[in-house]
Amino acid sequence: MARVRLFSAGEPARLAGLASLTAPDPSERVSALVDVAVVGARSDGKTQFILHAIRTLGADAPDDLSEPERNATLDIMQVVLAAARPRPDANNPDAGVPHYVFRLQPRKLLEEMGLLAQLVLLARSSRLARALAVVLVAAAAGVLGASLGGAIDGVVGLGLLWLCATAAGLAFLAARRRFVGRGPIEVVFWDVAGENLYGSRQKSAEYWSLLRHLVRRRVADARPERRYGFAPVLICNPLGLGIDDKQSPFGRLRPLLPIFAGLGGFEPEALVVINRWEAVRGLCPEGADRDELVAIAAEAMSGANAPALVAVAPTEPMPVVRRGTIRTCCVDAEEAREEGVHTTVLRYDAGLCELVSAPWQPFSELDARLRAFWAPPAVEPHQILHYRFAEGPRAFAGDARRVFLRWLGRLAFRSGAAAPAPVALPARAEQPDASAVATSEPAAAQTLPMFAADEKAGGFHTGGT
Amino acid sequence: MRILLRRAWQQKHPSPSHPGWDFHWHPVELAGAAQAIAAAGARADAGVAVWSIGPRHALWLRGFAAVAPAEQRRYVGWSGCAAEPAEADDEAAWAQALPAVLARFTLPPARPFALADGPGAPNDAVVTVEPTGALLDPELAPDDGEAVARALCAGGDAVLADPHDAALPAWWGRMLSWLPPDERVRPRAGLLAAHAAAAAPAPAAEPQRNLYHYLHRCWQHRARRPWRLVLELRAFKPVSLADLFEELTGLAAAWEHAADLEAYLIRSGALAQQEIQAAHAHAPAPLRGPDVGDAGRLWNRILHYWGRGFLGARARGEVAERLAGVLARRITVDHLLALDTPERADAERYLRRLRFEALLTVRDARTLRTALARVLPSLEVHRERA
């Protein structure tokens, strides 16, 4: 089975990234396709979120990816598996939008969910609701029949209850078996460079256009036995929230989230990811004044002593946040339906970090390394929080893991997911060119053989007579 | 021709154009840069070079790796040169000047911008370049020359020992001088790396493979004469090089058995069915009888029957033009084939057959050679094996 190239005519949008996209062969057992578009400003942690998600999925990539996808997968896997320093390269905004294809095995998804979440998922995806309804109707009919015949008593009631429980259990197991048998969920992460969304080279309309082409193409291929889901993930980096949450990159991108989520069509979904959760806890201790300003000196541990090769002194001021802003955006955020979009909130911390709070001192007295990165802060803070971090090869754990997997399951099997009729698919990916297969027929009697046909790739295969 | 030469850097490090740690261009984004970097895709890395050419630009960038201290992330940036016409559009003049334009590229160091590189505007210069001739000396033929030829013609990846060699743009320009001017400026982009991609690119069709193969052979042997014939053929019947090689490949495949050649001549319009029927009706022997054992003999007989008027006496001049067109393709193919086995090949055998084996009168032979000279003017002029 070969994968199908979805945009065989080349890039449909101005921002490159779709031409290399492939989908599983229509005959392959894949229960759902999910596109996850990760949105955020530069350095907010988009790729880092993807790394965590890939580890959570068990880094299970399809075997038959196209060459560009396989290269991208190998590149990201080098970071996923870099135990010592899993720090990804920054995405170049001109290099297009890379995507990474991984799979979530249905058994793994079910095992990571609680019973109630499993019931909801199976009800959506594997007709469990219908089976349970049949059981309930049958039970009601039994009770009604027994009461009409005057034969209902404790033993019969218990028997009926036992029968119903057994039937429901069997229905649950059958639905579970059916769900597992439908095949994995293919999850594609889209990792845009921050500058394309919020920064020096803002091209968010081009990114939106790319996603729109993607979703339209995917929806055309969706069918009941292979559903499709799309949702954006907005990264909230608490260190970049600033004094006024409305003015921060997150605050400015947050109102745009429904537009990206709306591309997914019916029952739009979105995920807001709050990373650097330890920093949030450090910035919002019990009893702290909400209006207090805190400067943040974030440094990667491994690069703390690396010299900064800087031709021009930076003029970006050292970031300062208001504790109240952090509390509003990070601590108080919760799952909600806003503007028709069901938004889930996931909180995690990327790795190992050290937090040291100290009263603010004049900028000129700060470490020279910090002064090489930043200009003096725009406002005088009360405190400085030294946030030193080192990323580890972590996956989502605890609540974050449950939230993420449940969100993926919900996205893949939304109750009203459209299932339009299948459309004709374009050419297969990377099929060998039949014309390239050399055929070495025996030379005719008067042929002047210039070379054997298989000696080289090019050249006329006959010298003529 | 006056051109605007620009040098620029794409980096995350702050520069006079942008004080923050975002990706940005300094002083300005170069024409064609986004397409070249996008074409490089996942292979874009330090140590590679990317190029892009179009009707109004030429661009060469070298990748470098750097770490943005503010976030401790590695990134791949680019530094390089671009040129564009300084005045009104003149695609033809731009195409003629392109090799000279690339020779004027002075690549900045492959690292983030530093103050020593000059503050912005001095990185721009308007210079005058003169159009260069075709078929400049390639000086060195790359090991993987067919891939280079493929990249030159169609864009894409190629392997070179040192993709950061500062002399590469000038060398690329000399290679470009082997393409017809309009194909030099066809928009395309590519990547030069020291190592091949993990998987080879999708194989090209046979005509394209022949194009890349013989372009490389000509570079290897400094063989201008065969390629000049190719360019003349292409100029006579304006088609792309790829289409021309499709014709040549079809001709080479057909020129083996008499039946195949007859079918080819009809298919290509060189002979009409009526002309073959006329030959059957008037000639002493059928055009393709048992004594015509191969394509070469059939060709001799066709020329002979043409000379005697058996193909129809009315439009002998027009038939001569058509046959000269086929002969020009045959001779060009023979010149290219001779590059594969120079010790055994005879590139001019069909000129001799015209003189001896076709049994034409001197006047008819001269008519065909005159028609042939209109297609391949250099055939008579440049007798030397360049």
# chains A, B, ... in the order shown; residues from 1 in each chain; ligands from 1

$ residues_around --residues "stretch 68-79 of chain B" --least-positions-apart "2" --cutoff "6 Å" --atoms "only C-alpha atoms" --output "VMD selection string"
(chain A and resid 89 to 90 308 373) or (chain B and resid 8 to 11 45 61 to 66 110)

$ residues_around --residues "stretch 261-270 of chain A" --least-positions-apart "2" --cutoff "9 Å" --atoms "only C-alpha atoms" --output "number ranges by chain"
A: 208, 211-212, 215-216, 219, 228-234, 256-259, 272, 340-345, 407, 410-411, 414-418

$ write_last_selection --atoms "C-alpha atoms" --output "PDB file, in the first residue's frame"
ATOM      1  CA  TRP A 208      -4.521  30.556   7.274  1.00  0.00           C
ATOM      2  CA  LEU A 211      -4.605  25.494   6.483  1.00  0.00           C
ATOM      3  CA  ARG A 212      -7.787  26.172   4.547  1.00  0.00           C
ATOM      4  CA  VAL A 215      -8.780  21.156   5.514  1.00  0.00           C
ATOM      5  CA  ARG A 216     -10.760  21.350   2.273  1.00  0.00           C
ATOM      6  CA  VAL A 219     -12.682  16.889   4.180  1.00  0.00           C
ATOM      7  CA  TYR A 228     -11.270  13.771   9.897  1.00  0.00           C
ATOM      8  CA  GLY A 229     -10.599  16.375  12.528  1.00  0.00           C
ATOM      9  CA  PHE A 230      -8.786  19.685  12.517  1.00  0.00           C
ATOM     10  CA  ALA A 231      -8.028  22.031  15.385  1.00  0.00           C
ATOM     11  CA  PRO A 232      -5.556  24.746  16.263  1.00  0.00           C
ATOM     12  CA  VAL A 233      -3.393  24.675  19.353  1.00  0.00           C
ATOM     13  CA  LEU A 234      -2.560  28.114  20.760  1.00  0.00           C
ATOM     14  CA  LEU A 256      -8.103  34.919  16.266  1.00  0.00           C
ATOM     15  CA  LEU A 257      -8.308  31.363  17.561  1.00  0.00           C
ATOM     16  CA  PRO A 258     -11.997  30.892  16.548  1.00  0.00           C
ATOM     17  CA  ILE A 259     -11.084  31.801  12.956  1.00  0.00           C
ATOM     18  CA  VAL A 272      -4.881  26.337  24.674  1.00  0.00           C
ATOM     19  CA  GLY A 340     -18.914  28.461  19.318  1.00  0.00           C
ATOM     20  CA  VAL A 341     -15.492  26.926  19.855  1.00  0.00           C
ATOM     21  CA  HIS A 342     -14.978  24.254  22.475  1.00  0.00           C
ATOM     22  CA  THR A 343     -11.665  25.179  24.060  1.00  0.00           C
ATOM     23  CA  THR A 344      -9.678  22.783  26.210  1.00  0.00           C
ATOM     24  CA  VAL A 345      -6.824  23.951  28.441  1.00  0.00           C
ATOM     25  CA  TRP A 407      -8.782  16.016  23.369  1.00  0.00           C
ATOM     26  CA  ARG A 410     -12.678  13.994  20.878  1.00  0.00           C
ATOM     27  CA  LEU A 411     -11.217  15.766  17.848  1.00  0.00           C
ATOM     28  CA  ARG A 414     -16.647  14.372  17.054  1.00  0.00           C
ATOM     29  CA  SER A 415     -20.263  13.309  17.037  1.00  0.00           C
ATOM     30  CA  GLY A 416     -21.201  15.348  14.000  1.00  0.00           C
ATOM     31  CA  ALA A 417     -18.063  14.899  11.942  1.00  0.00           C
ATOM     32  CA  ALA A 418     -19.000  15.355   8.325  1.00  0.00           C
TER      33      ALA A 418
END

$ interface_residues --of "chain B" --to "chain A" --cutoff "6 Å" --atoms "only C-alpha atoms" --output "number ranges by chain"
B: 14-15, 19-20, 34, 37-38, 41, 69-70, 73-75, 114-115, 205, 209-210, 213, 255-256, 295-296

$ residues_around --residues "A:Met77" --least-positions-apart "3" --cutoff "10 Å" --atoms "only C-alpha atoms" --output "list of chain:residue names"
A:Leu51, A:Ile54, A:Arg55, A:Ala59, A:Ala61, A:Asn71, A:Ala72, A:Thr73, A:Leu74, A:Val80, A:Leu81, A:Ala82, A:Pro86, A:Tyr100

$ write_last_selection --atoms "C-alpha atoms" --output "PDB file, in the first residue's frame"
ATOM      1  CA  LEU A  51       7.972  17.117  20.850  1.00  0.00           C
ATOM      2  CA  ILE A  54       5.125  12.951  19.816  1.00  0.00           C
ATOM      3  CA  ARG A  55       6.617  11.318  22.900  1.00  0.00           C
ATOM      4  CA  ALA A  59       6.717   8.257  18.494  1.00  0.00           C
ATOM      5  CA  ALA A  61       5.377   7.084  12.712  1.00  0.00           C
ATOM      6  CA  ASN A  71      13.263  13.359   6.344  1.00  0.00           C
ATOM      7  CA  ALA A  72      11.152  15.663   8.490  1.00  0.00           C
ATOM      8  CA  THR A  73      10.240  12.751  10.754  1.00  0.00           C
ATOM      9  CA  LEU A  74      13.876  11.726  11.123  1.00  0.00           C
ATOM     10  CA  VAL A  80      12.614  13.703  20.359  1.00  0.00           C
ATOM     11  CA  LEU A  81      15.265  11.159  21.278  1.00  0.00           C
ATOM     12  CA  ALA A  82      18.051  13.576  22.196  1.00  0.00           C
ATOM     13  CA  PRO A  86      16.356  17.945  23.152  1.00  0.00           C
ATOM     14  CA  TYR A 100       5.195  15.612  11.265  1.00  0.00           C
TER      15      TYR A 100
END

$ closest_residue --among "A:Val4, A:Ile274, A:Val320, A:Leu408" --to "A:Lys46" --atoms "only C-alpha atoms"
A:Ile274

$ residues_around --residues "stretch 176-189 of chain A" --least-positions-apart "2" --cutoff "6 Å" --atoms "only C-alpha atoms" --output "CSV table (one decimal) with N, CA and C atoms, in the first residue's frame"
chain,number,residue,atom,x,y,z
A,29,ARG,N,-6.2,0.5,7.0
A,29,ARG,CA,-7.1,0.7,8.2
A,29,ARG,C,-6.6,1.8,9.0
A,30,VAL,N,-7.1,2.9,8.8
A,30,VAL,CA,-6.8,4.1,9.7
A,30,VAL,C,-8.2,4.7,10.1
A,31,SER,N,-8.4,4.8,11.4
A,31,SER,CA,-9.8,5.2,11.8
A,31,SER,C,-10.1,6.6,11.7
A,32,ALA,N,-9.0,7.5,11.8
A,32,ALA,CA,-9.3,8.9,11.7
A,32,ALA,C,-7.9,9.6,11.3
A,33,LEU,N,-8.1,10.8,10.7
A,33,LEU,CA,-7.0,11.6,10.4
A,33,LEU,C,-7.2,12.9,11.2
A,34,VAL,N,-6.2,13.4,11.8
A,34,VAL,CA,-6.3,14.6,12.6
A,34,VAL,C,-5.2,15.6,12.2
A,35,ASP,N,-5.5,16.8,11.9
A,35,ASP,CA,-4.5,17.8,11.7
A,35,ASP,C,-4.5,18.8,12.9
A,36,VAL,N,-3.3,18.9,13.4
A,36,VAL,CA,-3.1,19.8,14.6
A,36,VAL,C,-2.2,21.0,14.2
A,99,HIS,N,5.6,19.5,8.6
A,99,HIS,CA,4.6,18.8,9.3
A,99,HIS,C,5.2,17.4,9.7
A,100,TYR,N,4.7,16.9,10.7
A,100,TYR,CA,5.2,15.6,11.3
A,100,TYR,C,4.0,14.7,11.4
A,101,VAL,N,4.2,13.5,10.9
A,101,VAL,CA,3.1,12.5,10.8
A,101,VAL,C,3.4,11.4,11.8
A,102,PHE,N,2.5,11.2,12.8
A,102,PHE,CA,2.6,10.2,13.8
A,102,PHE,C,1.2,9.5,14.0
A,103,ARG,N,1.3,8.4,14.7
A,103,ARG,CA,0.0,7.7,14.9
A,103,ARG,C,-0.3,7.4,16.3
A,104,LEU,N,-1.5,7.4,16.7
A,104,LEU,CA,-2.0,7.0,18.0
A,104,LEU,C,-2.7,5.7,17.9
A,105,GLN,N,-2.2,4.7,18.6
A,105,GLN,CA,-2.9,3.4,18.5
A,105,GLN,C,-4.1,3.4,19.4
A,106,PRO,N,-5.2,2.9,18.9
A,106,PRO,CA,-6.5,3.0,19.6
A,106,PRO,C,-6.4,2.4,21.0
A,107,ARG,N,-5.7,1.3,21.1
A,107,ARG,CA,-5.6,0.6,22.4
A,107,ARG,C,-4.9,1.5,23.4
A,126,SER,N,-18.0,4.0,18.0
A,126,SER,CA,-18.2,2.6,17.7
A,126,SER,C,-19.6,2.1,18.0
A,173,LEU,N,-17.5,-4.3,25.5
A,173,LEU,CA,-16.4,-5.0,25.0
A,173,LEU,C,-16.4,-5.1,23.5
A,174,ALA,N,-17.6,-5.3,23.0
A,174,ALA,CA,-17.7,-5.4,21.5
A,174,ALA,C,-17.3,-4.1,20.9
